[in-house]
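This is run_4.pdb (PDB, C-alpha atoms, pLDDT in the B column).
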ATOM      1  CA  MET A 976      32.737   4.530 -50.589  1.00 46.00           C
ATOM      2  CA  THR A 977      32.049   7.078 -47.829  1.00 57.00           C
ATOM      3  CA  THR A 978      29.291   9.173 -49.412  1.00 74.00           C
ATOM      4  CA  PRO A 979      25.940   8.845 -47.592  1.00 86.00           C
ATOM      5  CA  VAL A 980      23.065   7.207 -49.428  1.00 92.00           C
ATOM      6  CA  ARG A 981      20.656   9.875 -50.683  1.00 94.00           C
ATOM      7  CA  ALA A 982      18.553   7.933 -53.154  1.00 97.00           C
ATOM      8  CA  VAL A 983      17.383   4.483 -54.180  1.00 98.00           C
ATOM      9  CA  PHE A 984      16.722   3.894 -57.877  1.00 98.00           C
ATOM     10  CA  PHE A 985      14.622   0.900 -58.888  1.00 98.00           C
ATOM     11  CA  ASP A 986      14.155  -1.082 -62.027  1.00 98.00           C
ATOM     12  CA  LEU A 987      10.446  -1.831 -62.617  1.00 97.00           C
ATOM     13  CA  GLY A 988       9.796  -5.224 -64.232  1.00 93.00           C
ATOM     14  CA  GLY A 989      11.200  -8.138 -62.246  1.00 92.00           C
ATOM     15  CA  THR A 990      12.009  -5.801 -59.349  1.00 96.00           C
ATOM     16  CA  LEU A 991       8.918  -4.003 -58.042  1.00 97.00           C
ATOM     17  CA  PHE A 992       6.842  -6.849 -59.431  1.00 94.00           C
ATOM     18  CA  SER A 993       8.050 -10.381 -60.036  1.00 90.00           C
ATOM     19  CA  ASN A 994       8.583 -11.682 -63.562  1.00 85.00           C
ATOM     20  CA  ARG A 995       7.185 -14.948 -62.277  1.00 84.00           C
ATOM     21  CA  GLU A 996       3.703 -13.474 -62.709  1.00 81.00           C
ATOM     22  CA  ILE A 997       4.101 -12.611 -66.388  1.00 87.00           C
ATOM     23  CA  PRO A 998       3.666 -16.123 -67.846  1.00 86.00           C
ATOM     24  CA  LYS A 999       0.529 -16.584 -65.748  1.00 86.00           C
ATOM     25  CA  ILE A1000      -1.161 -13.459 -67.020  1.00 91.00           C
ATOM     26  CA  ASN A1001       0.082 -13.894 -70.596  1.00 93.00           C
ATOM     27  CA  ILE A1002      -0.820 -17.522 -71.259  1.00 95.00           C
ATOM     28  CA  GLY A1003      -4.480 -16.894 -72.094  1.00 95.00           C
ATOM     29  CA  LEU A1004      -3.486 -14.222 -74.603  1.00 96.00           C
ATOM     30  CA  LEU A1005      -0.839 -16.459 -76.170  1.00 97.00           C
ATOM     31  CA  ARG A1006      -3.399 -19.211 -76.652  1.00 97.00           C
ATOM     32  CA  ARG A1007      -5.688 -16.672 -78.350  1.00 96.00           C
ATOM     33  CA  ALA A1008      -2.753 -15.616 -80.502  1.00 97.00           C
ATOM     34  CA  ALA A1009      -2.153 -19.228 -81.558  1.00 97.00           C
ATOM     35  CA  ARG A1010      -5.820 -19.765 -82.430  1.00 96.00           C
ATOM     36  CA  ARG A1011      -5.767 -16.564 -84.484  1.00 95.00           C
ATOM     37  CA  LEU A1012      -2.976 -18.166 -86.511  1.00 95.00           C
ATOM     38  CA  GLY A1013      -4.996 -21.357 -86.919  1.00 94.00           C
ATOM     39  CA  VAL A1014      -2.452 -23.501 -85.050  1.00 95.00           C
ATOM     40  CA  ASP A1015      -2.527 -25.693 -81.927  1.00 94.00           C
ATOM     41  CA  ASP A1016      -3.023 -23.597 -78.772  1.00 94.00           C
ATOM     42  CA  ASP A1017      -1.752 -26.194 -76.299  1.00 95.00           C
ATOM     43  CA  ILE A1018      -0.260 -24.442 -73.249  1.00 92.00           C
ATOM     44  CA  ALA A1019       2.767 -26.727 -73.222  1.00 93.00           C
ATOM     45  CA  ARG A1020       3.556 -25.546 -76.748  1.00 95.00           C
ATOM     46  CA  VAL A1021       2.711 -21.851 -76.909  1.00 96.00           C
ATOM     47  CA  GLY A1022       4.312 -20.907 -73.576  1.00 94.00           C
ATOM     48  CA  PRO A1023       7.794 -22.276 -74.330  1.00 94.00           C
ATOM     49  CA  ALA A1024       7.582 -20.967 -77.905  1.00 96.00           C
ATOM     50  CA  TYR A1025       7.027 -17.423 -76.658  1.00 96.00           C
ATOM     51  CA  VAL A1026       9.762 -17.648 -74.010  1.00 92.00           C
ATOM     52  CA  LYS A1027      12.280 -18.862 -76.594  1.00 95.00           C
ATOM     53  CA  ALA A1028      11.200 -16.168 -79.044  1.00 97.00           C
ATOM     54  CA  SER A1029      11.592 -13.510 -76.341  1.00 95.00           C
ATOM     55  CA  VAL A1030      15.061 -14.740 -75.383  1.00 93.00           C
ATOM     56  CA  THR A1031      16.125 -14.723 -79.044  1.00 96.00           C
ATOM     57  CA  ALA A1032      14.823 -11.206 -79.659  1.00 96.00           C
ATOM     58  CA  ASN A1033      16.429  -9.866 -76.492  1.00 94.00           C
ATOM     59  CA  GLU A1034      19.761 -11.357 -77.555  1.00 93.00           C
ATOM     60  CA  VAL A1035      19.525  -9.436 -80.839  1.00 95.00           C
ATOM     61  CA  PHE A1036      18.592  -6.126 -79.190  1.00 96.00           C
ATOM     62  CA  LYS A1037      20.593  -6.224 -75.948  1.00 92.00           C
ATOM     63  CA  ASP A1038      23.731  -4.501 -77.275  1.00 92.00           C
ATOM     64  CA  ARG A1039      21.890  -1.648 -78.979  1.00 97.00           C
ATOM     65  CA  PRO A1040      22.351   1.650 -77.103  1.00 98.00           C
ATOM     66  CA  PHE A1041      18.703   2.540 -77.739  1.00 98.00           C
ATOM     67  CA  TYR A1042      15.646   0.851 -79.200  1.00 98.00           C
ATOM     68  CA  LEU A1043      11.899   1.045 -78.817  1.00 98.00           C
ATOM     69  CA  HIS A1044      10.424  -1.937 -77.035  1.00 97.00           C
ATOM     70  CA  ARG A1045       7.620  -1.956 -79.569  1.00 98.00           C
ATOM     71  CA  ASP A1046      10.267  -3.072 -82.087  1.00 98.00           C
ATOM     72  CA  LEU A1047      11.621  -5.681 -79.657  1.00 97.00           C
ATOM     73  CA  PHE A1048       8.130  -7.079 -79.125  1.00 97.00           C
ATOM     74  CA  HIS A1049       7.435  -7.182 -82.857  1.00 97.00           C
ATOM     75  CA  ALA A1050      10.650  -9.140 -83.374  1.00 98.00           C
ATOM     76  CA  THR A1051       9.487 -11.513 -80.641  1.00 97.00           C
ATOM     77  CA  TYR A1052       6.125 -11.985 -82.381  1.00 98.00           C
ATOM     78  CA  ASP A1053       7.853 -12.776 -85.696  1.00 97.00           C
ATOM     79  CA  ASP A1054       9.863 -15.555 -84.048  1.00 97.00           C
ATOM     80  CA  PHE A1055       6.878 -16.756 -81.995  1.00 97.00           C
ATOM     81  CA  VAL A1056       4.808 -17.220 -85.154  1.00 97.00           C
ATOM     82  CA  ARG A1057       7.697 -19.015 -86.867  1.00 97.00           C
ATOM     83  CA  ARG A1058       8.117 -21.396 -83.929  1.00 97.00           C
ATOM     84  CA  LEU A1059       4.410 -22.234 -84.023  1.00 96.00           C
ATOM     85  CA  GLY A1060       4.620 -22.991 -87.734  1.00 94.00           C
ATOM     86  CA  GLY A1061       2.118 -20.326 -88.717  1.00 91.00           C
ATOM     87  CA  GLU A1062       2.063 -17.366 -91.068  1.00 92.00           C
ATOM     88  CA  MET A1063       1.564 -13.865 -89.732  1.00 94.00           C
ATOM     89  CA  PRO A1064      -1.591 -12.331 -91.214  1.00 94.00           C
ATOM     90  CA  PRO A1065      -1.900  -8.582 -91.873  1.00 95.00           C
ATOM     91  CA  GLY A1066      -2.350  -6.573 -88.687  1.00 96.00           C
ATOM     92  CA  TYR A1067      -1.510  -9.525 -86.429  1.00 97.00           C
ATOM     93  CA  ALA A1068       1.571  -7.972 -84.779  1.00 97.00           C
ATOM     94  CA  ASP A1069      -0.253  -4.720 -84.018  1.00 97.00           C
ATOM     95  CA  TRP A1070      -3.225  -6.647 -82.591  1.00 98.00           C
ATOM     96  CA  LEU A1071      -0.962  -8.745 -80.362  1.00 98.00           C
ATOM     97  CA  TYR A1072       0.995  -5.685 -79.215  1.00 98.00           C
ATOM     98  CA  GLN A1073      -2.140  -3.834 -78.139  1.00 98.00           C
ATOM     99  CA  ALA A1074      -3.641  -6.926 -76.511  1.00 97.00           C
ATOM    100  CA  GLN A1075      -0.437  -7.576 -74.586  1.00 96.00           C
ATOM    101  CA  LEU A1076      -0.206  -3.930 -73.528  1.00 97.00           C
ATOM    102  CA  GLU A1077      -3.721  -4.199 -72.073  1.00 96.00           C
ATOM    103  CA  VAL A1078      -2.856  -7.365 -70.150  1.00 95.00           C
ATOM    104  CA  MET A1079       0.488  -6.133 -68.868  1.00 94.00           C
ATOM    105  CA  THR A1080      -0.742  -2.727 -67.733  1.00 94.00           C
ATOM    106  CA  THR A1081      -3.882  -3.936 -65.943  1.00 95.00           C
ATOM    107  CA  ARG A1082      -3.165  -7.350 -64.430  1.00 94.00           C
ATOM    108  CA  LEU A1083       0.307  -7.151 -62.897  1.00 93.00           C
ATOM    109  CA  VAL A1084       0.609  -7.181 -59.101  1.00 94.00           C
ATOM    110  CA  LEU A1085       3.405  -5.663 -57.002  1.00 97.00           C
ATOM    111  CA  ARG A1086       5.582  -7.789 -54.752  1.00 96.00           C
ATOM    112  CA  GLU A1087       3.824  -8.174 -51.423  1.00 96.00           C
ATOM    113  CA  ASP A1088       6.468  -6.172 -49.548  1.00 97.00           C
ATOM    114  CA  CYS A1089       6.834  -3.434 -52.179  1.00 98.00           C
ATOM    115  CA  ILE A1090       4.628  -0.678 -50.790  1.00 98.00           C
ATOM    116  CA  ASP A1091       5.712  -1.150 -47.172  1.00 98.00           C
ATOM    117  CA  THR A1092       9.360  -0.968 -48.251  1.00 98.00           C
ATOM    118  CA  LEU A1093       8.786   2.202 -50.269  1.00 98.00           C
ATOM    119  CA  LYS A1094       6.989   3.823 -47.329  1.00 98.00           C
ATOM    120  CA  ILE A1095       9.912   3.069 -44.992  1.00 97.00           C
ATOM    121  CA  LEU A1096      12.448   4.468 -47.430  1.00 97.00           C
ATOM    122  CA  ARG A1097      10.419   7.632 -47.936  1.00 97.00           C
ATOM    123  CA  GLU A1098      10.018   8.091 -44.171  1.00 96.00           C
ATOM    124  CA  ARG A1099      13.804   8.069 -43.935  1.00 94.00           C
ATOM    125  CA  GLY A1100      13.995  10.954 -46.376  1.00 95.00           C
ATOM    126  CA  LEU A1101      15.460   9.014 -49.296  1.00 96.00           C
ATOM    127  CA  MET A1102      14.735  10.068 -52.848  1.00 98.00           C
ATOM    128  CA  LEU A1103      13.092   7.261 -54.832  1.00 98.00           C
ATOM    129  CA  ALA A1104      13.145   6.872 -58.606  1.00 98.00           C
ATOM    130  CA  ILE A1105      12.250   4.270 -61.213  1.00 98.00           C
ATOM    131  CA  VAL A1106      14.607   3.727 -64.150  1.00 98.00           C
ATOM    132  CA  SER A1107      13.013   1.290 -66.583  1.00 98.00           C
ATOM    133  CA  ASN A1108      13.683  -0.141 -70.017  1.00 97.00           C
ATOM    134  CA  ILE A1109      10.170   0.471 -71.271  1.00 96.00           C
ATOM    135  CA  ASP A1110       8.198   2.550 -73.756  1.00 98.00           C
ATOM    136  CA  ASP A1111       5.988   5.343 -72.527  1.00 98.00           C
ATOM    137  CA  ASP A1112       2.743   3.722 -73.678  1.00 97.00           C
ATOM    138  CA  TYR A1113       3.445   0.941 -71.178  1.00 97.00           C
ATOM    139  CA  PHE A1114       5.089   3.004 -68.454  1.00 97.00           C
ATOM    140  CA  GLY A1115       2.362   5.534 -67.707  1.00 96.00           C
ATOM    141  CA  PRO A1116      -0.503   3.031 -67.376  1.00 97.00           C
ATOM    142  CA  MET A1117       1.668   0.664 -65.324  1.00 96.00           C
ATOM    143  CA  LEU A1118       2.567   3.360 -62.805  1.00 97.00           C
ATOM    144  CA  GLU A1119      -1.058   4.404 -62.479  1.00 96.00           C
ATOM    145  CA  ASN A1120      -2.561   0.924 -62.243  1.00 96.00           C
ATOM    146  CA  LEU A1121       0.083  -0.320 -59.809  1.00 96.00           C
ATOM    147  CA  GLY A1122      -0.440   2.745 -57.633  1.00 96.00           C
ATOM    148  CA  LEU A1123       3.244   3.684 -57.628  1.00 97.00           C
ATOM    149  CA  GLU A1124       3.190   7.366 -58.510  1.00 96.00           C
ATOM    150  CA  GLU A1125       2.684   8.644 -54.960  1.00 96.00           C
ATOM    151  CA  TYR A1126       5.754   6.791 -53.648  1.00 97.00           C
ATOM    152  CA  PHE A1127       8.306   8.002 -56.189  1.00 98.00           C
ATOM    153  CA  ASP A1128       9.873  11.394 -56.655  1.00 97.00           C
ATOM    154  CA  GLN A1129      10.499  10.726 -60.313  1.00 96.00           C
ATOM    155  CA  TRP A1130      10.698   8.072 -62.993  1.00 97.00           C
ATOM    156  CA  SER A1131      12.449   7.714 -66.329  1.00 98.00           C
ATOM    157  CA  SER A1132      11.711   5.440 -69.272  1.00 98.00           C
ATOM    158  CA  SER A1133      14.224   4.368 -71.874  1.00 98.00           C
ATOM    159  CA  GLU A1134      12.053   6.053 -74.494  1.00 98.00           C
ATOM    160  CA  GLU A1135      12.270   9.357 -72.616  1.00 98.00           C
ATOM    161  CA  ALA A1136      16.028   9.052 -72.104  1.00 98.00           C
ATOM    162  CA  LYS A1137      16.644   7.824 -75.671  1.00 98.00           C
ATOM    163  CA  ALA A1138      18.918   5.152 -74.175  1.00 98.00           C
ATOM    164  CA  CYS A1139      18.377   1.596 -72.931  1.00 98.00           C
ATOM    165  CA  LYS A1140      20.059  -0.147 -70.018  1.00 97.00           C
ATOM    166  CA  PRO A1141      22.893  -1.047 -69.668  1.00 96.00           C
ATOM    167  CA  ASN A1142      23.882   2.017 -71.717  1.00 98.00           C
ATOM    168  CA  PRO A1143      25.566   4.357 -69.190  1.00 98.00           C
ATOM    169  CA  ALA A1144      23.793   7.294 -70.839  1.00 98.00           C
ATOM    170  CA  PHE A1145      20.482   6.125 -69.350  1.00 98.00           C
ATOM    171  CA  PHE A1146      21.887   5.997 -65.811  1.00 98.00           C
ATOM    172  CA  GLU A1147      23.548   9.371 -66.260  1.00 98.00           C
ATOM    173  CA  TYR A1148      20.244  10.785 -67.511  1.00 98.00           C
ATOM    174  CA  ALA A1149      18.474   9.524 -64.375  1.00 98.00           C
ATOM    175  CA  LEU A1150      21.201  10.915 -62.104  1.00 98.00           C
ATOM    176  CA  LYS A1151      21.012  14.348 -63.701  1.00 98.00           C
ATOM    177  CA  LYS A1152      17.219  14.327 -63.403  1.00 97.00           C
ATOM    178  CA  ALA A1153      17.488  13.427 -59.701  1.00 96.00           C
ATOM    179  CA  GLY A1154      20.275  15.889 -58.973  1.00 96.00           C
ATOM    180  CA  CYS A1155      22.394  13.108 -57.443  1.00 96.00           C
ATOM    181  CA  THR A1156      25.922  11.855 -57.923  1.00 97.00           C
ATOM    182  CA  ALA A1157      26.421   8.165 -58.645  1.00 97.00           C
ATOM    183  CA  ASP A1158      28.049   7.429 -55.282  1.00 95.00           C
ATOM    184  CA  GLU A1159      24.937   8.708 -53.490  1.00 96.00           C
ATOM    185  CA  VAL A1160      22.664   6.149 -55.166  1.00 97.00           C
ATOM    186  CA  ILE A1161      21.762   2.504 -54.635  1.00 97.00           C
ATOM    187  CA  PHE A1162      20.378   0.868 -57.766  1.00 98.00           C
ATOM    188  CA  VAL A1163      18.073  -2.133 -57.269  1.00 98.00           C
ATOM    189  CA  GLY A1164      17.308  -4.422 -60.201  1.00 96.00           C
ATOM    190  CA  ASP A1165      16.870  -8.029 -61.254  1.00 94.00           C
ATOM    191  CA  SER A1166      19.180  -8.172 -64.286  1.00 94.00           C
ATOM    192  CA  ARG A1167      22.930  -8.632 -64.076  1.00 94.00           C
ATOM    193  CA  LEU A1168      23.283  -7.243 -67.588  1.00 93.00           C
ATOM    194  CA  HIS A1169      20.851  -4.341 -67.615  1.00 95.00           C
ATOM    195  CA  ASP A1170      20.871  -3.236 -63.985  1.00 96.00           C
ATOM    196  CA  VAL A1171      24.083  -4.403 -62.319  1.00 96.00           C
ATOM    197  CA  ARG A1172      26.395  -3.703 -65.254  1.00 96.00           C
ATOM    198  CA  GLY A1173      24.820  -0.363 -66.089  1.00 96.00           C
ATOM    199  CA  ALA A1174      24.802   0.857 -62.483  1.00 98.00           C
ATOM    200  CA  ARG A1175      28.376  -0.204 -61.797  1.00 97.00           C
ATOM    201  CA  GLN A1176      29.645   1.418 -64.999  1.00 97.00           C
ATOM    202  CA  VAL A1177      28.651   4.847 -63.712  1.00 98.00           C
ATOM    203  CA  GLY A1178      29.679   4.254 -60.081  1.00 97.00           C
ATOM    204  CA  MET A1179      26.376   3.382 -58.401  1.00 97.00           C
ATOM    205  CA  ARG A1180      26.090   0.680 -55.753  1.00 96.00           C
ATOM    206  CA  ALA A1181      24.295  -2.200 -57.444  1.00 97.00           C
ATOM    207  CA  VAL A1182      21.834  -4.454 -55.604  1.00 97.00           C
ATOM    208  CA  LEU A1183      20.500  -7.568 -57.328  1.00 95.00           C
ATOM    209  CA  ILE A1184      17.144  -8.997 -56.292  1.00 95.00           C
ATOM    210  CA  GLU A1185      17.077 -12.729 -56.971  1.00 90.00           C
ATOM    211  CA  GLU A1186      13.983 -14.837 -57.482  1.00 81.00           C
ATOM    212  CA  ARG A1187      13.545 -17.800 -55.172  1.00 76.00           C
ATOM    213  CA  TRP A1188      12.042 -19.770 -58.055  1.00 63.00           C
ATOM    214  CA  GLY A1189      15.191 -19.491 -60.129  1.00 63.00           C
ATOM    215  CA  ARG A1190      16.935 -17.190 -62.561  1.00 66.00           C
ATOM    216  CA  SER A1191      14.806 -15.591 -65.254  1.00 65.00           C
ATOM    217  CA  PRO A1192      15.622 -16.630 -68.840  1.00 62.00           C
ATOM    218  CA  LEU A1193      16.099 -12.931 -69.598  1.00 63.00           C
ATOM    219  CA  ASP A1194      18.584 -12.395 -66.753  1.00 69.00           C
ATOM    220  CA  VAL A1195      21.727 -12.813 -68.791  1.00 69.00           C
ATOM    221  CA  GLY A1196      25.260 -11.750 -67.966  1.00 73.00           C
ATOM    222  CA  ASP A1197      27.565 -12.528 -65.074  1.00 80.00           C
ATOM    223  CA  ASP A1198      28.212  -9.068 -63.631  1.00 88.00           C
ATOM    224  CA  ASP A1199      28.681  -9.098 -59.855  1.00 93.00           C
ATOM    225  CA  PRO A1200      26.445  -6.844 -57.734  1.00 95.00           C
ATOM    226  CA  HIS A1201      27.648  -5.195 -54.552  1.00 95.00           C
ATOM    227  CA  HIS A1202      24.802  -6.889 -52.671  1.00 95.00           C
ATOM    228  CA  VAL A1203      22.238  -9.624 -53.317  1.00 94.00           C
ATOM    229  CA  ILE A1204      18.761  -9.648 -51.754  1.00 95.00           C
ATOM    230  CA  GLY A1205      15.781 -11.983 -51.931  1.00 94.00           C
ATOM    231  CA  THR A1206      13.071  -9.494 -50.942  1.00 96.00           C
ATOM    232  CA  LEU A1207      12.533  -5.756 -51.203  1.00 98.00           C
ATOM    233  CA  SER A1208      12.030  -5.575 -47.447  1.00 97.00           C
ATOM    234  CA  GLU A1209      15.780  -6.154 -47.023  1.00 97.00           C
ATOM    235  CA  ILE A1210      16.604  -2.770 -48.573  1.00 97.00           C
ATOM    236  CA  PRO A1211      16.079  -0.534 -45.481  1.00 96.00           C
ATOM    237  CA  GLY A1212      18.425  -2.739 -43.439  1.00 95.00           C
ATOM    238  CA  LEU A1213      20.919  -2.688 -46.279  1.00 93.00           C
ATOM    239  CA  VAL A1214      20.832   1.112 -46.326  1.00 92.00           C
ATOM    240  CA  ASP A1215      21.378   1.139 -42.561  1.00 87.00           C
ATOM    241  CA  SER A1216      24.375  -1.173 -42.837  1.00 84.00           C
ATOM    242  CA  MET A1217      25.907   1.028 -45.510  1.00 79.00           C
ATOM    243  CA  LEU A1218      25.554   4.070 -43.288  1.00 67.00           C
ATOM    244  CA  GLU A1219      27.076   2.227 -40.317  1.00 61.00           C
ATOM    245  CA  VAL A1220      30.186   1.278 -42.265  1.00 52.00           C
ATOM    246  CA  GLY A1221      30.513   4.601 -44.027  1.00 48.00           C
ATOM    247  CA  GLY A1222      28.774   3.788 -47.285  1.00 43.00           C
ATOM    248  CA  GLY A1223      29.339   0.047 -47.848  1.00 41.00           C
TER     249      GLY A1223
END

Could I get this file's structure written as structure tokens?
Amino acid sequence: MTTPVRAVFFDLGGTLFSNREIPKINIGLLRRAARRLGVDDDIARVGPAYVKASVTANEVFKDRPFYLHRDLFHATYDDFVRRLGGEMPPGYADWLYQAQLEVMTTRLVLREDCIDTLKILRERGLMLAIVSNIDDDYFGPMLENLGLEEYFDQWSSSEEAKACKPNPAFFEYALKKAGCTADEVIFVGDSRLHDVRGARQVGMRAVLIEERWGRSPLDVGDDDPHHVIGTLSEIPGLVDSMLEVGGG
């Protein structure tokens, strides 16, 4: 590729903040959820039960071109309750959804090098966008509470686009919104399936950020990125190297 880099698109969850933090902030809520069912709330039991339920639900939904994440979460709760051996009482799923929304939109913390990296990229005149598989009721509060709005030119949710990654329609929607062509964009994400596959399908340069603590259970697929990084702070140097070799 010889087209200069004009923009960097980012996934949100697992990219601008680490998914490693999610079990830590969720465990108290999951124990409350178990007690509400009248079952054992032992951490060693409820944590793995929720992870397995989430993996199962994501496997069911991953090939759908579009879905609301509210429905994905409700499917996760159904399996979570089953794994704990309880029965879901009326209103339980809605209670857990709202409680989890509150936790996830107020307690997440950005990667320590996130803001500095975004500032450097903006100083270089690059357009920055977020392209996230998320519903709007999560997305807006997350952007505000994480303090991200001032660093991005635009952002798109799967609910807004009516398409979920890796559906190429979502990436094409984001490109049209940004006024960019695919070969002008670097896409940074943490999922080989959602981010790498989707970006490569439309001709973007795909960058995978890997966790030092190991691969997330939700990072399925074996699609190869153009580049692999361990920290966001590597992105400005990566952009420079692409420019030096005529686009990478």

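CA of Pro1200 (chain A) is found 27.0 Å from CA of Met1117 (chain A).
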
Query - Residue IDs satisfying the PyMOL selection byres ((chain A and resi 1136) around 12), as a PyMOL selection string - result: chain A and resi 1040-1043+1106-1111+1130-1135+1137-1140+1142-1152

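Nearest to Ser1208 (chain A) of all the residues A:Cys1155, A:Ile1095, A:Leu1168, A:Thr1081 is A:Ile1095, counting all atoms listed in the file.
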
Requested in this report: Name the residues that the PyMOL selection byres ((chain A and resi 1048) around 12) pulls out of this structure, and write them as an MDAnalysis selection string.
Outcome: chainID A and resid 1025:1026 1028:1033 1035:1036 1042:1047 1049:1055 1068:1073 1075:1076 1109:1110

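Going from CA of Leu1083 (chain A) over to CA of Glu1124 (chain A), you cover 15.4 Å.
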
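Using all atoms listed in the file, the shortest contact distance between Gly1196 (chain A) and any of A:Glu1087, A:Arg1057, A:Ala1104, A:Asp1038 is found at A:Asp1038.
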
Report task. I need the residue set behind the PyMOL selection byres ((chain A and resi 1015) around 12) for this file; please write it as a PyMOL selection string. Result -> chain A and resi 1005-1014+1016-1022+1024+1056+1058-1061

I need the chosen residues saved as a PDB file, in the frame of the given file, with C-alpha atoms.
ATOM      1  CA  LEU A1005      -0.839 -16.459 -76.170  1.00 97.00           C
ATOM      2  CA  ARG A1006      -3.399 -19.211 -76.652  1.00 97.00           C
ATOM      3  CA  ARG A1007      -5.688 -16.672 -78.350  1.00 96.00           C
ATOM      4  CA  ALA A1008      -2.753 -15.616 -80.502  1.00 97.00           C
ATOM      5  CA  ALA A1009      -2.153 -19.228 -81.558  1.00 97.00           C
ATOM      6  CA  ARG A1010      -5.820 -19.765 -82.430  1.00 96.00           C
ATOM      7  CA  ARG A1011      -5.767 -16.564 -84.484  1.00 95.00           C
ATOM      8  CA  LEU A1012      -2.976 -18.166 -86.511  1.00 95.00           C
ATOM      9  CA  GLY A1013      -4.996 -21.357 -86.919  1.00 94.00           C
ATOM     10  CA  VAL A1014      -2.452 -23.501 -85.050  1.00 95.00           C
ATOM     11  CA  ASP A1016      -3.023 -23.597 -78.772  1.00 94.00           C
ATOM     12  CA  ASP A1017      -1.752 -26.194 -76.299  1.00 95.00           C
ATOM     13  CA  ILE A1018      -0.260 -24.442 -73.249  1.00 92.00           C
ATOM     14  CA  ALA A1019       2.767 -26.727 -73.222  1.00 93.00           C
ATOM     15  CA  ARG A1020       3.556 -25.546 -76.748  1.00 95.00           C
ATOM     16  CA  VAL A1021       2.711 -21.851 -76.909  1.00 96.00           C
ATOM     17  CA  GLY A1022       4.312 -20.907 -73.576  1.00 94.00           C
ATOM     18  CA  ALA A1024       7.582 -20.967 -77.905  1.00 96.00           C
ATOM     19  CA  VAL A1056       4.808 -17.220 -85.154  1.00 97.00           C
ATOM     20  CA  ARG A1058       8.117 -21.396 -83.929  1.00 97.00           C
ATOM     21  CA  LEU A1059       4.410 -22.234 -84.023  1.00 96.00           C
ATOM     22  CA  GLY A1060       4.620 -22.991 -87.734  1.00 94.00           C
ATOM     23  CA  GLY A1061       2.118 -20.326 -88.717  1.00 91.00           C
TER      24      GLY A1061
END

**Report entry** Computed interatomic separation between CA of Ile1184 (chain A) and CA of Phe984 (chain A) (Å)
**Finding:** 13.0 Å

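For the set A:Gly1122, A:Gly1115, A:Gly1178, A:Gly1212, the residue with the smallest atom-to-atom gap to Val1084 (chain A) is A:Gly1122, counting all atoms listed in the file.
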
Report task. For Arg1097 (chain A), work out the shell of residues within 12 Å, counting only C-alpha atoms and skipping chain neighbours fewer than 2 positions away, then give it as a PyMOL selection string. Result -> chain A and resi 981-983+1090-1095+1099-1104+1125-1128+1211

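For the residues A:Ile1105, A:Thr1206, A:Pro998, A:Gln1129, ranking by smallest atom-to-atom distance to Arg1187 (chain A) using only C-alpha atoms places A:Thr1206 first.
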
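Using only C-alpha atoms for every distance, the candidate list A:His1202, A:Lys999, A:Arg1086, A:His1169 yields A:His1202 as the residue closest to Leu1183 (chain A).
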
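Closest approach to Gln1176 (chain A) from the set A:Tyr1067, A:Phe992, A:Phe1114, A:Phe1162 is made by A:Phe1162, with distances taken over all atoms listed in the file.
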
Query - Test item: residues at most 8 Å from Ile997 (chain A), all atoms listed in the file, excluding those fewer than 4 positions along its chain, as a ChimeraX atom specification - result: /A:993,1001,1079,1083
